[in-house]
file coords01.json (JSON, C-alpha atoms)
[["chain", "number", "residue", "atom", "x", "y", "z"],
["A", 231, "MET", "CA", -56.94, 6.52, 156.55],
["A", 232, "LEU", "CA", -58.21, 6.46, 152.97],
["A", 233, "GLN", "CA", -58.48, 3.29, 150.94],
["A", 234, "TYR", "CA", -59.53, 3.04, 147.32],
["A", 235, "VAL", "CA", -62.06, 0.34, 146.53],
["A", 236, "PHE", "CA", -63.02, -0.11, 142.88],
["A", 237, "GLY", "CA", -62.06, 3.48, 142.08],
["A", 238, "TYR", "CA", -63.98, 5.03, 144.98],
["A", 239, "ALA", "CA", -62.33, 6.52, 148.05],
["A", 240, "SER", "CA", -63.42, 4.73, 151.21],
["A", 241, "VAL", "CA", -62.65, 6.04, 154.69],
["A", 242, "ARG", "CA", -61.28, 3.33, 156.98],
["A", 243, "LYS", "CA", -62.02, 3.65, 160.69],
["A", 244, "PRO", "CA", -60.15, 1.88, 163.52],
["A", 245, "CYS", "CA", -61.79, -1.06, 165.26],
["A", 246, "ILE", "CA", -61.11, -3.75, 167.83],
["A", 247, "HIS", "CA", -62.52, -7.25, 167.45],
["A", 248, "TYR", "CA", -63.31, -9.07, 170.69],
["A", 249, "GLY", "CA", -60.96, -11.97, 169.85],
["A", 250, "GLN", "CA", -58.04, -9.55, 169.75],
["A", 251, "MET", "CA", -58.61, -8.72, 173.41],
["A", 252, "TYR", "CA", -56.99, -11.95, 174.56],
["A", 253, "THR", "CA", -54.64, -12.51, 171.64],
["A", 254, "HIS", "CA", -53.06, -9.10, 171.13],
["A", 255, "PHE", "CA", -54.07, -6.28, 173.44],
["A", 256, "GLY", "CA", -52.83, -5.85, 176.98],
["A", 257, "VAL", "CA", -53.72, -3.37, 179.71],
["A", 258, "HIS", "CA", -53.93, -0.42, 177.32],
["A", 259, "ALA", "CA", -53.73, 0.43, 173.62],
["A", 260, "ASP", "CA", -53.65, 3.52, 171.46],
["A", 261, "LYS", "CA", -53.61, 1.80, 168.04],
["A", 262, "THR", "CA", -55.81, -0.89, 166.54],
["A", 263, "LEU", "CA", -54.87, -3.83, 164.34],
["A", 264, "THR", "CA", -57.92, -3.67, 162.11],
["A", 265, "PHE", "CA", -60.09, -1.15, 160.34],
["A", 266, "VAL", "CA", -63.63, -1.04, 158.98],
["A", 267, "ASP", "CA", -65.33, 1.15, 156.41],
["A", 268, "GLN", "CA", -67.61, 4.02, 157.44],
["A", 269, "ASN", "CA", -70.82, 1.99, 156.93],
["A", 270, "VAL", "CA", -69.71, -0.70, 159.37],
["A", 271, "PHE", "CA", -68.37, 1.93, 161.77],
["A", 272, "ASP", "CA", -71.73, 3.72, 161.82],
["A", 273, "LYS", "CA", -73.51, 0.47, 162.80],
["A", 274, "SER", "CA", -70.99, -0.54, 165.48],
["A", 275, "LYS", "CA", -70.65, 0.11, 169.17],
["A", 276, "ILE", "CA", -68.20, 2.99, 169.62],
["A", 277, "ALA", "CA", -65.51, 3.31, 172.29],
["A", 278, "LYS", "CA", -64.08, 6.72, 173.10],
["A", 279, "GLN", "CA", -60.69, 7.64, 174.53],
["A", 280, "GLY", "CA", -60.49, 6.38, 178.12],
["A", 281, "ASP", "CA", -63.17, 3.70, 177.74],
["A", 282, "ILE", "CA", -62.47, 0.11, 178.75],
["A", 283, "VAL", "CA", -63.17, -2.41, 175.98],
["A", 284, "MET", "CA", -63.89, -5.84, 177.45],
["A", 285, "ALA", "CA", -64.49, -9.20, 175.74],
["A", 286, "VAL", "CA", -67.46, -10.82, 177.44],
["A", 287, "THR", "CA", -67.25, -14.12, 175.53],
["A", 288, "SER", "CA", -64.39, -16.60, 175.42],
["A", 289, "GLU", "CA", -63.55, -20.28, 175.33],
["A", 290, "ASN", "CA", -62.35, -20.25, 178.95],
["A", 291, "VAL", "CA", -62.78, -18.39, 182.22],
["A", 292, "GLU", "CA", -59.24, -17.02, 182.11],
["A", 293, "ASP", "CA", -59.84, -15.07, 178.88],
["A", 294, "VAL", "CA", -63.41, -13.93, 179.43],
["A", 295, "CYS", "CA", -63.40, -10.26, 180.50],
["A", 296, "SER", "CA", -60.01, -9.65, 178.91],
["A", 297, "CYS", "CA", -59.89, -5.94, 178.42],
["A", 298, "THR", "CA", -57.88, -2.95, 177.35],
["A", 299, "ALA", "CA", -58.08, 0.73, 178.19],
["A", 300, "TRP", "CA", -58.51, 2.56, 174.87],
["A", 301, "LEU", "CA", -56.08, 5.52, 175.00],
["A", 302, "GLY", "CA", -56.02, 6.40, 171.29],
["A", 303, "GLY", "CA", -57.20, 9.79, 170.11],
["A", 304, "ASP", "CA", -59.85, 8.51, 167.69],
["A", 305, "ASP", "CA", -63.12, 6.81, 168.50],
["A", 306, "ILE", "CA", -63.07, 3.14, 167.55],
["A", 307, "ALA", "CA", -65.63, 0.62, 166.43],
["A", 308, "VAL", "CA", -65.96, -2.37, 168.72],
["A", 309, "SER", "CA", -67.27, -5.74, 167.57],
["A", 310, "GLY", "CA", -69.96, -7.80, 169.24],
["A", 311, "HIS", "CA", -69.30, -9.91, 172.32],
["A", 312, "THR", "CA", -67.82, -6.88, 174.06],
["A", 313, "ALA", "CA", -68.77, -4.43, 176.75],
["A", 314, "ILE", "CA", -67.67, -0.82, 176.66],
["A", 315, "ILE", "CA", -67.15, 0.59, 180.13],
["A", 316, "SER", "CA", -67.31, 4.38, 180.24],
["A", 317, "HIS", "CA", -66.27, 5.92, 183.54],
["A", 318, "ASN", "CA", -64.69, 8.92, 185.27],
["A", 319, "GLN", "CA", -61.70, 7.09, 186.77],
["A", 320, "ASN", "CA", -58.12, 6.44, 185.62],
["A", 321, "ALA", "CA", -58.63, 4.10, 182.65],
["A", 322, "LYS", "CA", -55.35, 2.25, 183.13],
["A", 323, "TYR", "CA", -56.10, 1.74, 186.84],
["A", 324, "LEU", "CA", -59.42, 0.07, 185.98],
["A", 325, "SER", "CA", -57.81, -2.05, 183.29],
["A", 326, "TYR", "CA", -55.06, -3.16, 185.67],
["A", 327, "TYR", "CA", -57.79, -4.04, 188.19],
["A", 328, "PHE", "CA", -59.66, -6.10, 185.59],
["A", 329, "HIS", "CA", -56.43, -8.10, 185.11],
["A", 330, "SER", "CA", -56.08, -8.75, 188.87],
["A", 331, "ALA", "CA", -56.64, -11.87, 190.97],
["A", 332, "ASP", "CA", -59.36, -10.03, 192.91],
["A", 333, "PHE", "CA", -61.39, -9.45, 189.75],
["A", 334, "PHE", "CA", -60.68, -13.01, 188.55],
["A", 335, "SER", "CA", -62.35, -14.44, 191.65],
["A", 336, "LYS", "CA", -65.38, -12.21, 191.04],
["A", 337, "LYS", "CA", -65.70, -13.02, 187.34],
["A", 338, "LYS", "CA", -65.50, -16.78, 188.01],
["A", 339, "LYS", "CA", -68.75, -16.44, 189.95],
["A", 340, "LEU", "CA", -70.43, -14.58, 187.06],
["A", 341, "ALA", "CA", -69.23, -16.79, 184.19],
["A", 342, "HIS", "CA", -71.63, -19.25, 182.65],
["A", 343, "GLY", "CA", -71.53, -21.69, 179.78],
["A", 344, "THR", "CA", -69.54, -24.79, 178.98],
["A", 345, "LYS", "CA", -68.05, -24.60, 175.47],
["A", 346, "VAL", "CA", -68.45, -20.84, 175.24],
["A", 347, "ILE", "CA", -67.94, -18.94, 178.48],
["A", 348, "GLU", "CA", -69.89, -15.75, 178.83],
["A", 349, "ILE", "CA", -70.48, -12.94, 181.29],
["A", 350, "THR", "CA", -73.38, -10.69, 180.49],
["A", 351, "PRO", "CA", -72.51, -6.99, 180.60],
["A", 352, "SER", "CA", -75.41, -6.35, 182.98],
["A", 353, "ALA", "CA", -73.86, -8.81, 185.48],
["A", 354, "LEU", "CA", -70.69, -6.69, 185.49],
["A", 355, "GLU", "CA", -72.72, -3.78, 186.91],
["A", 356, "ASP", "CA", -72.89, -5.60, 190.24],
["A", 357, "VAL", "CA", -69.09, -5.97, 190.59],
["A", 358, "VAL", "CA", -67.84, -3.82, 193.45],
["A", 359, "ILE", "CA", -64.47, -2.19, 192.84],
["A", 360, "ASN", "CA", -62.59, -0.46, 195.63],
["A", 361, "LEU", "CA", -61.49, 2.84, 194.12],
["A", 362, "PRO", "CA", -58.91, 5.06, 195.76],
["A", 363, "CYS", "CA", -58.89, 8.76, 194.85],
["A", 364, "ILE", "CA", -57.66, 9.70, 191.35],
["A", 365, "ASN", "CA", -54.23, 10.81, 192.65],
["A", 366, "GLU", "CA", -53.71, 7.43, 194.32],
["A", 367, "GLN", "CA", -54.91, 5.63, 191.16],
["A", 368, "GLU", "CA", -52.31, 7.57, 189.16],
["A", 369, "ARG", "CA", -49.59, 6.68, 191.66],
["A", 370, "ILE", "CA", -50.52, 2.98, 191.50],
["A", 371, "VAL", "CA", -50.62, 3.06, 187.68],
["A", 372, "SER", "CA", -47.18, 4.69, 187.62],
["A", 373, "ILE", "CA", -45.76, 1.88, 189.77],
["A", 374, "LEU", "CA", -47.46, -0.84, 187.72],
["A", 375, "ASP", "CA", -46.31, 0.74, 184.43],
["A", 376, "ARG", "CA", -42.70, 0.78, 185.65],
["A", 377, "PHE", "CA", -42.95, -2.84, 186.79],
["A", 378, "ASP", "CA", -44.53, -3.84, 183.46],
["A", 379, "ALA", "CA", -41.69, -2.14, 181.56],
["A", 380, "LEU", "CA", -39.14, -3.84, 183.77],
["A", 381, "CYS", "CA", -40.65, -7.24, 183.02],
["A", 382, "ASN", "CA", -41.58, -6.81, 179.36],
["A", 383, "ASP", "CA", -39.52, -4.08, 177.69],
["A", 384, "LEU", "CA", -37.02, -5.83, 175.43],
["A", 385, "SER", "CA", -34.46, -3.02, 175.70],
["A", 386, "SER", "CA", -34.47, -2.95, 179.50],
["A", 387, "GLY", "CA", -35.71, -5.00, 182.37],
["A", 388, "LEU", "CA", -35.94, -8.74, 182.69],
["A", 389, "PRO", "CA", -35.67, -9.74, 178.99],
["A", 390, "ALA", "CA", -32.56, -7.58, 178.59],
["A", 391, "GLU", "CA", -31.08, -9.03, 181.79],
["A", 392, "ILE", "CA", -31.72, -12.58, 180.59],
["A", 393, "GLU", "CA", -30.05, -11.78, 177.26],
["A", 394, "ALA", "CA", -27.03, -10.26, 179.06],
["A", 395, "ARG", "CA", -26.67, -13.33, 181.32],
["A", 396, "GLN", "CA", -26.92, -15.61, 178.24],
["A", 397, "LYS", "CA", -24.08, -13.70, 176.55],
["A", 398, "GLN", "CA", -22.03, -13.83, 179.75],
["A", 399, "TYR", "CA", -22.59, -17.59, 179.98],
["A", 400, "GLU", "CA", -21.57, -18.08, 176.34],
["A", 401, "TYR", "CA", -18.41, -16.00, 176.83],
["A", 402, "TYR", "CA", -17.26, -17.97, 179.88],
["A", 403, "ARG", "CA", -18.26, -21.29, 178.32],
["A", 404, "ASP", "CA", -16.19, -20.49, 175.26],
["A", 405, "MET", "CA", -13.24, -19.31, 177.39],
["A", 406, "LEU", "CA", -13.31, -22.46, 179.53],
["A", 407, "LEU", "CA", -13.61, -24.79, 176.56],
["A", 408, "SER", "CA", -11.01, -23.22, 174.32],
["A", 409, "PHE", "CA", -7.65, -24.87, 174.69],
["A", 410, "LYS", "CA", -4.47, -23.41, 173.30],
["A", 411, "GLU", "CA", -2.26, -25.91, 171.59],
["A", 412, "ALA", "CA", 0.86, -26.87, 173.56],
["A", 413, "GLU", "CA", 4.06, -25.69, 171.95]]

call {"tool": "encode", "arguments": {"input": "coords01.json", "output": "structure tokens"}}
result
Amino acid sequence: MLQYVFGYASVRKPCIHYGQMYTHFGVHADKTLTFVDQNVFDKSKIAKQGDIVMAVTSENVEDVCSCTAWLGGDDIAVSGHTAIISHNQNAKYLSYYFHSADFFSKKKKLAHGTKVIEITPSALEDVVINLPCINEQERIVSILDRFDALCNDLSSGLPAEIEARQKQYEYYRDMLLSFKEAE
């Protein structure tokens, strides 16, 4: 992406800010919301495809360690207050795990602070994760992806079912409450 600033071409590079981890991004992402110029990019932490980007600072325990698996093709700049987890596992499997109740109970023990809750990246190194083989991770991710689509995809799944039931309710309500005039 090229942007012109005061007549000079400036290359814009994708980035994720830690605050976006708990306001916008979910289990995985392949596009960013924001961009930085090359100078900022060169000074930033860089996440590569497949890395987990995790916010290690938040205002509450629920949001600290919010993360996303970066699946985009380009490297991205990552702001401060984040950890980048590079690994050789299924990225979406790890991200789903970091959204689980099991991980929540572990991160509660690591979190410190009162107004600002923090977990130091080095403390995350001691978290034990049970990892099935890659094929099993892929199978689990496939199941979780289908369930996620069922619950969140607006064209199918639960939201579409709710909308259909609402239309059905309105139809029958209108039929029951419409009275033909007596002749």

call {"tool": "closest_residue", "arguments": {"input": "coords01.json", "among": "A:Cys245, A:Ser335, A:Asn320, A:Leu388", "to": "Asn365 (chain A)", "atoms": "only C-alpha atoms"}}
result
A:Asn320

call {"tool": "closest_residue", "arguments": {"input": "coords01.json", "among": "A:Val286, A:Cys295, A:Gly302, A:Tyr248", "to": "Asp260 (chain A)", "atoms": "all atoms listed in the file"}}
result
A:Gly302

call {"tool": "residues_around", "arguments": {"input": "coords01.json", "residues": "Asp281 (chain A)", "least_positions_apart": "6", "cutoff": "12 Å", "atoms": "all atoms listed in the file", "output": "JSON, numbers by chain"}}
result
{"A": [257, 258, 259, 260, 275, 297, 298, 299, 300, 301, 302, 303, 304, 305, 306, 307, 308, 313, 314, 315, 316, 317, 318, 319, 320, 321, 322, 323, 324, 325]}

call {"tool": "atom_distance", "arguments": {"input": "coords01.json", "atom1": "CA of Val357 (chain A)", "atom2": "CA of Asn290 (chain A)"}}
result
19.6 Å

call {"tool": "atom_distance", "arguments": {"input": "coords01.json", "atom1": "CA of Leu263 (chain A)", "atom2": "CA of Thr312 (chain A)"}}
result
16.5 Å

call {"tool": "atom_distance", "arguments": {"input": "coords01.json", "atom1": "CA of Asp332 (chain A)", "atom2": "CA of Lys278 (chain A)"}}
result
26.4 Å

call {"tool": "closest_residue", "arguments": {"input": "coords01.json", "among": "A:Pro389, A:Pro244, A:Gly256, A:Gly343", "to": "Asp272 (chain A)", "atoms": "all atoms listed in the file"}}
result
A:Pro244

call {"tool": "residues_around", "arguments": {"input": "coords01.json", "residues": "Gln268 (chain A)", "least_positions_apart": "3", "cutoff": "9 Å", "atoms": "only C-alpha atoms", "output": "list in words"}}
result
Ser240, Val241, Arg242, Lys243, Phe271, Asp272 and Lys273 of chain A

call {"tool": "write_last_selection", "arguments": {"input": "coords01.json", "atoms": "C-alpha atoms", "output": "PDB file, in the coordinates of the input"}}
result
ATOM      1  CA  SER A 240     -63.420   4.730 151.210  1.00  0.00           C
ATOM      2  CA  VAL A 241     -62.650   6.040 154.690  1.00  0.00           C
ATOM      3  CA  ARG A 242     -61.280   3.330 156.980  1.00  0.00           C
ATOM      4  CA  LYS A 243     -62.020   3.650 160.690  1.00  0.00           C
ATOM      5  CA  PHE A 271     -68.370   1.930 161.770  1.00  0.00           C
ATOM      6  CA  ASP A 272     -71.730   3.720 161.820  1.00  0.00           C
ATOM      7  CA  LYS A 273     -73.510   0.470 162.800  1.00  0.00           C
TER       8      LYS A 273
END

call {"tool": "closest_residue", "arguments": {"input": "coords01.json", "among": "A:Tyr399, A:Phe265, A:Tyr326, A:Phe255", "to": "Asp375 (chain A)", "atoms": "all atoms listed in the file"}}
result
A:Tyr326

call {"tool": "closest_residue", "arguments": {"input": "coords01.json", "among": "A:Glu393, A:Glu400, A:Asp383, A:Glu292", "to": "Phe334 (chain A)", "atoms": "all atoms listed in the file"}}
result
A:Glu292

call {"tool": "closest_residue", "arguments": {"input": "coords01.json", "among": "A:Cys381, A:Ile392, A:Val283, A:Cys363", "to": "Pro351 (chain A)", "atoms": "all atoms listed in the file"}}
result
A:Val283
